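Everything on this sheet refers to the single structure shown next.
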Amino acid sequence: MSNIPFLNLKLINQPYEKSINEAIKKSVASGWFVLGAEVKKFETSFAKYCETKHCIGVANGLDALVLLLKASDFPADSEIIVPSNTYIASILAISLAGLKPILVEPNEDTFLIDPNKIEEKISKKTKAILVVHLYGKCCEMESISKIAQKYDLKIFEDAAQSHGAFYRGRKAGNLSDGAGFSFYPTKNLGAMGDAGAITTNDDILAEKIKSLRNYGSGEKYIFDYQGLNSRLDELQAAILNVKILNLDIENKFRQRIAKRFLSEITNKKIVLPTNQTVEEDAWHLFVVRVSNREEFRQYLSSNGIGTDVHYPIPPHKQQAYREWNNRSFPISEKIHNEVVSIPLNIALTDFQVDYIIEKINLY
Ligand SMILES: *Cc1c(COP(=O)(O)O)cnc(C)c1O
């Protein structure tokens, strides 16, 4: 029997262990631990990677989104459109910025916000659309941009799952007024602790976020805004500076596995993700749909294959948003009931991919 964990963080970092240890040693010796040379270097390379003018390193992905929204200075009760099926951080960021999340259902096949359902949710108070490039696939930005233009709305990206994904030749993070990234250890570009960043082409927004991440201070002991402490530390930046060099190679590796799953999994009980943009997606997760999820997970588990669910309970059914518990988002509910993530990571061998495909086809 095989033993294929859903994701083993030790294994996916093993190729970098030596370089990371050297980078950490250098950082320790430098005696400078927060917002220093490694952070600057990472901000420059990640901006270049995303093809944006600016990158601002912050403490985590949630803060990246909160800071984008806070820096935008919307009136207190403004409404922000967001997909109803996402990791809760996208929605929490809106609440934490003192704004109102307005949920819009996804398209069942792409799992992404359905552009056809946005317009009916726009009111006089709507100020922005926060799209989420869920599982590593970019949203339909062309239709979404048209809507934003028509109603004079800002667009922001939650790009926490889409480092390196493309939309019609442009990188995720460069498809809107500003994007939030997470470098949580499980992401396509993962640190060894919490880390995040904002990318934008807007000079004023970038300047303001730089201040807001550091207590609202641009100059030492001078406070222009009521900011927060959301600084990126040197150790995490040093680790990211090592791993970013291989991000494209890792994403290509993920794409190759995704392509194999898409063409070789032929079991009719399994609904595969759409394959229309296989070369553009970052394949953060490979998410299939099955009507009897628990049985399927049990079956794979008894064959030594680990799975996960992203995510089992939709945000509107969480206690954190109990005021929404009776609202109905049938597509999100269906998706949350049926999705299963199968292993897709850089530690998988060809033999393990063969085995996963074989076992899924025998289900
Ligand atoms: C991981 C993630 C976040 C939050 O990032 P953290 O670094 O954990 O704060 C936000 N949105 C999505 C879609 C994510 O997957």
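Lettering and numbering for the structure tokens are positional, with chains as A, B, ... in the shown order, residues counted from 1 in each chain, and ligands counted from 1 in the shown order.
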DSSP on the backbone, then: every residue of range 146-316 of chain A marked alpha helix (DSSP H), written as a ChimeraX atom specification.
-> /A:146-151,203-212,234-243,247-264,293-302
I want to know what sits within 12 Å of Asn13 in chain A, based on only C-alpha atoms, with residues of the same chain fewer than 6 positions away left out; could you give that as a PDB file with C-alpha atoms, in the first residue's frame?
ATOM      1  CA  LEU A   7       0.621  17.726   1.470  1.00  0.00           C
ATOM      2  CA  SER A  19      19.890  27.533   0.564  1.00  0.00           C
ATOM      3  CA  ILE A  20      17.312  28.479   3.172  1.00  0.00           C
ATOM      4  CA  ASN A  21      19.639  27.592   6.030  1.00  0.00           C
ATOM      5  CA  PRO A 185       3.466  27.745   4.052  1.00  0.00           C
ATOM      6  CA  THR A 186       0.914  25.769   1.994  1.00  0.00           C
ATOM      7  CA  LYS A 187       0.590  28.337  -0.818  1.00  0.00           C
ATOM      8  CA  ASN A 188       2.326  28.076  -4.215  1.00  0.00           C
ATOM      9  CA  LEU A 189       4.950  30.459  -2.851  1.00  0.00           C
ATOM     10  CA  GLY A 190       5.159  29.611   0.836  1.00  0.00           C
ATOM     11  CA  ALA A 191       7.263  31.029   3.660  1.00  0.00           C
ATOM     12  CA  MET A 192       8.043  29.212   6.926  1.00  0.00           C
ATOM     13  CA  ILE A 239      13.211  32.413   2.708  1.00  0.00           C
ATOM     14  CA  LEU A 240      10.892  33.835   0.058  1.00  0.00           C
ATOM     15  CA  VAL A 242      15.211  31.688  -2.134  1.00  0.00           C
ATOM     16  CA  LYS A 243      11.909  30.093  -3.102  1.00  0.00           C
ATOM     17  CA  ASN A 246      11.816  28.336  -8.504  1.00  0.00           C
ATOM     18  CA  GLU A 250       7.125  24.596  -9.478  1.00  0.00           C
ATOM     19  CA  ASN A 345       2.259  19.243  -5.040  1.00  0.00           C
ATOM     20  CA  ILE A 346       5.923  19.263  -6.034  1.00  0.00           C
ATOM     21  CA  ALA A 347       6.787  16.261  -3.871  1.00  0.00           C
TER      22      ALA A 347
END
Given a cut-off of 9 Å, what residues near ligand 1 show up using only C-alpha atoms and all ligand atoms, put as an NGL selection string?
-> :A and (59-65 or 86-91 or 93 or 132-135 or 158-162 or 180-187 or 194-196)
Find the spatial neighbours of range 143-147 of chain A, counting only C-alpha atoms, within a cut-off of 12 Å - ignore same-chain residues fewer than 6 positions away - and output them as a PyMOL selection string.
-> chain A and resi 81-82+112-122+126-132+153-157+175-177
Spatial neighbours of Arg297 in chain A, max dist 12 Å, only C-alpha atoms, sep filter under 6 positions, as a ChimeraX atom specification | /A:6,288-291,303-309,338-343,359-360,363
Would you mind listing what lies within 9 Å of Leu262 in chain A as a ChimeraX atom specification, with only C-alpha atoms counted and same-chain residues fewer than 6 positions away left out?
-> /A:272-275
Distance query range 226-234 of chain A at most 10 Å, only C-alpha atoms, self and fewer than 4 positions along chain excluded, as a PyMOL selection string | chain A and resi 23-24+27-28+30-40+42+56-60+63-64+67+70-71+194-197+208-217+238-240
Output as a PyMOL selection string all residues of range 125-256 of chain A that backbone DSSP marks as strand (DSSP E or B).
-> chain A and resi 126-132+154-158+166-167+170-171+178-182+196-200+214+217-219+222-223+229+233
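Nearest residue to Val287 in chain A among A:Gly136, A:Pro330, A:Gly169, A:Gly178 is A:Gly136, counting only C-alpha atoms.
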Leu362 in chain A: which residues within 12 Å, counting only C-alpha atoms, same-chain residues fewer than 2 positions away excluded, as JSON, numbers by chain?
-> {"A": [265, 266, 267, 268, 269, 270, 296, 299, 300, 303, 355, 356, 357, 358, 359, 360]}
Atoms to include: N, CA and C atoms. Write the selected residues as an mmCIF file, in the first residue's frame.
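Output (part.cif):
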data_model
loop_
_atom_site.group_PDB
_atom_site.id
_atom_site.type_symbol
_atom_site.label_atom_id
_atom_site.label_comp_id
_atom_site.auth_asym_id
_atom_site.auth_seq_id
_atom_site.Cartn_x
_atom_site.Cartn_y
_atom_site.Cartn_z
ATOM 1 N N ILE A 265 -7.950 10.810 -15.607
ATOM 2 C CA ILE A 265 -9.036 10.415 -14.700
ATOM 3 C C ILE A 265 -10.317 10.348 -15.549
ATOM 4 N N THR A 266 -10.856 9.147 -15.663
ATOM 5 C CA THR A 266 -11.978 8.955 -16.593
ATOM 6 C C THR A 266 -13.225 8.442 -15.871
ATOM 7 N N ASN A 267 -13.158 8.336 -14.558
ATOM 8 C CA ASN A 267 -14.290 7.839 -13.780
ATOM 9 C C ASN A 267 -15.456 8.842 -13.836
ATOM 10 N N LYS A 268 -16.602 8.366 -14.303
ATOM 11 C CA LYS A 268 -17.750 9.255 -14.509
ATOM 12 C C LYS A 268 -18.340 9.790 -13.198
ATOM 13 N N LYS A 269 -17.987 9.142 -12.097
ATOM 14 C CA LYS A 269 -18.494 9.628 -10.799
ATOM 15 C C LYS A 269 -17.767 10.887 -10.326
ATOM 16 N N ILE A 270 -16.664 11.185 -11.004
ATOM 17 C CA ILE A 270 -15.831 12.307 -10.574
ATOM 18 C C ILE A 270 -15.986 13.449 -11.561
ATOM 19 N N PHE A 296 -16.015 8.691 -0.831
ATOM 20 C CA PHE A 296 -14.867 8.822 -1.732
ATOM 21 C C PHE A 296 -13.580 9.083 -0.953
ATOM 22 N N TYR A 299 -12.548 5.939 0.816
ATOM 23 C CA TYR A 299 -11.984 4.997 -0.148
ATOM 24 C C TYR A 299 -10.525 5.346 -0.462
ATOM 25 N N LEU A 300 -10.273 6.625 -0.744
ATOM 26 C CA LEU A 300 -8.894 7.029 -1.060
ATOM 27 C C LEU A 300 -7.999 6.855 0.157
ATOM 28 N N ASN A 303 -6.789 3.555 0.656
ATOM 29 C CA ASN A 303 -5.744 3.222 -0.304
ATOM 30 C C ASN A 303 -4.481 4.067 -0.093
ATOM 31 N N TYR A 355 -0.496 6.109 -9.519
ATOM 32 C CA TYR A 355 -1.252 5.384 -8.493
ATOM 33 C C TYR A 355 -2.550 6.119 -8.132
ATOM 34 N N ILE A 356 -2.474 7.438 -7.977
ATOM 35 C CA ILE A 356 -3.668 8.232 -7.640
ATOM 36 C C ILE A 356 -4.714 8.085 -8.755
ATOM 37 N N ILE A 357 -4.249 8.204 -10.010
ATOM 38 C CA ILE A 357 -5.161 8.093 -11.158
ATOM 39 C C ILE A 357 -5.804 6.698 -11.186
ATOM 40 N N GLU A 358 -4.964 5.682 -11.000
ATOM 41 C CA GLU A 358 -5.461 4.296 -11.042
ATOM 42 C C GLU A 358 -6.538 4.081 -9.980
ATOM 43 N N LYS A 359 -6.255 4.516 -8.759
ATOM 44 C CA LYS A 359 -7.212 4.284 -7.673
ATOM 45 C C LYS A 359 -8.501 5.075 -7.879
ATOM 46 N N ILE A 360 -8.387 6.306 -8.378
ATOM 47 C CA ILE A 360 -9.609 7.100 -8.604
ATOM 48 C C ILE A 360 -10.440 6.456 -9.696
#
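Distance-wise, CA of Glu22 in chain A and CA of Gly193 in chain A end up 17.4 Å apart.
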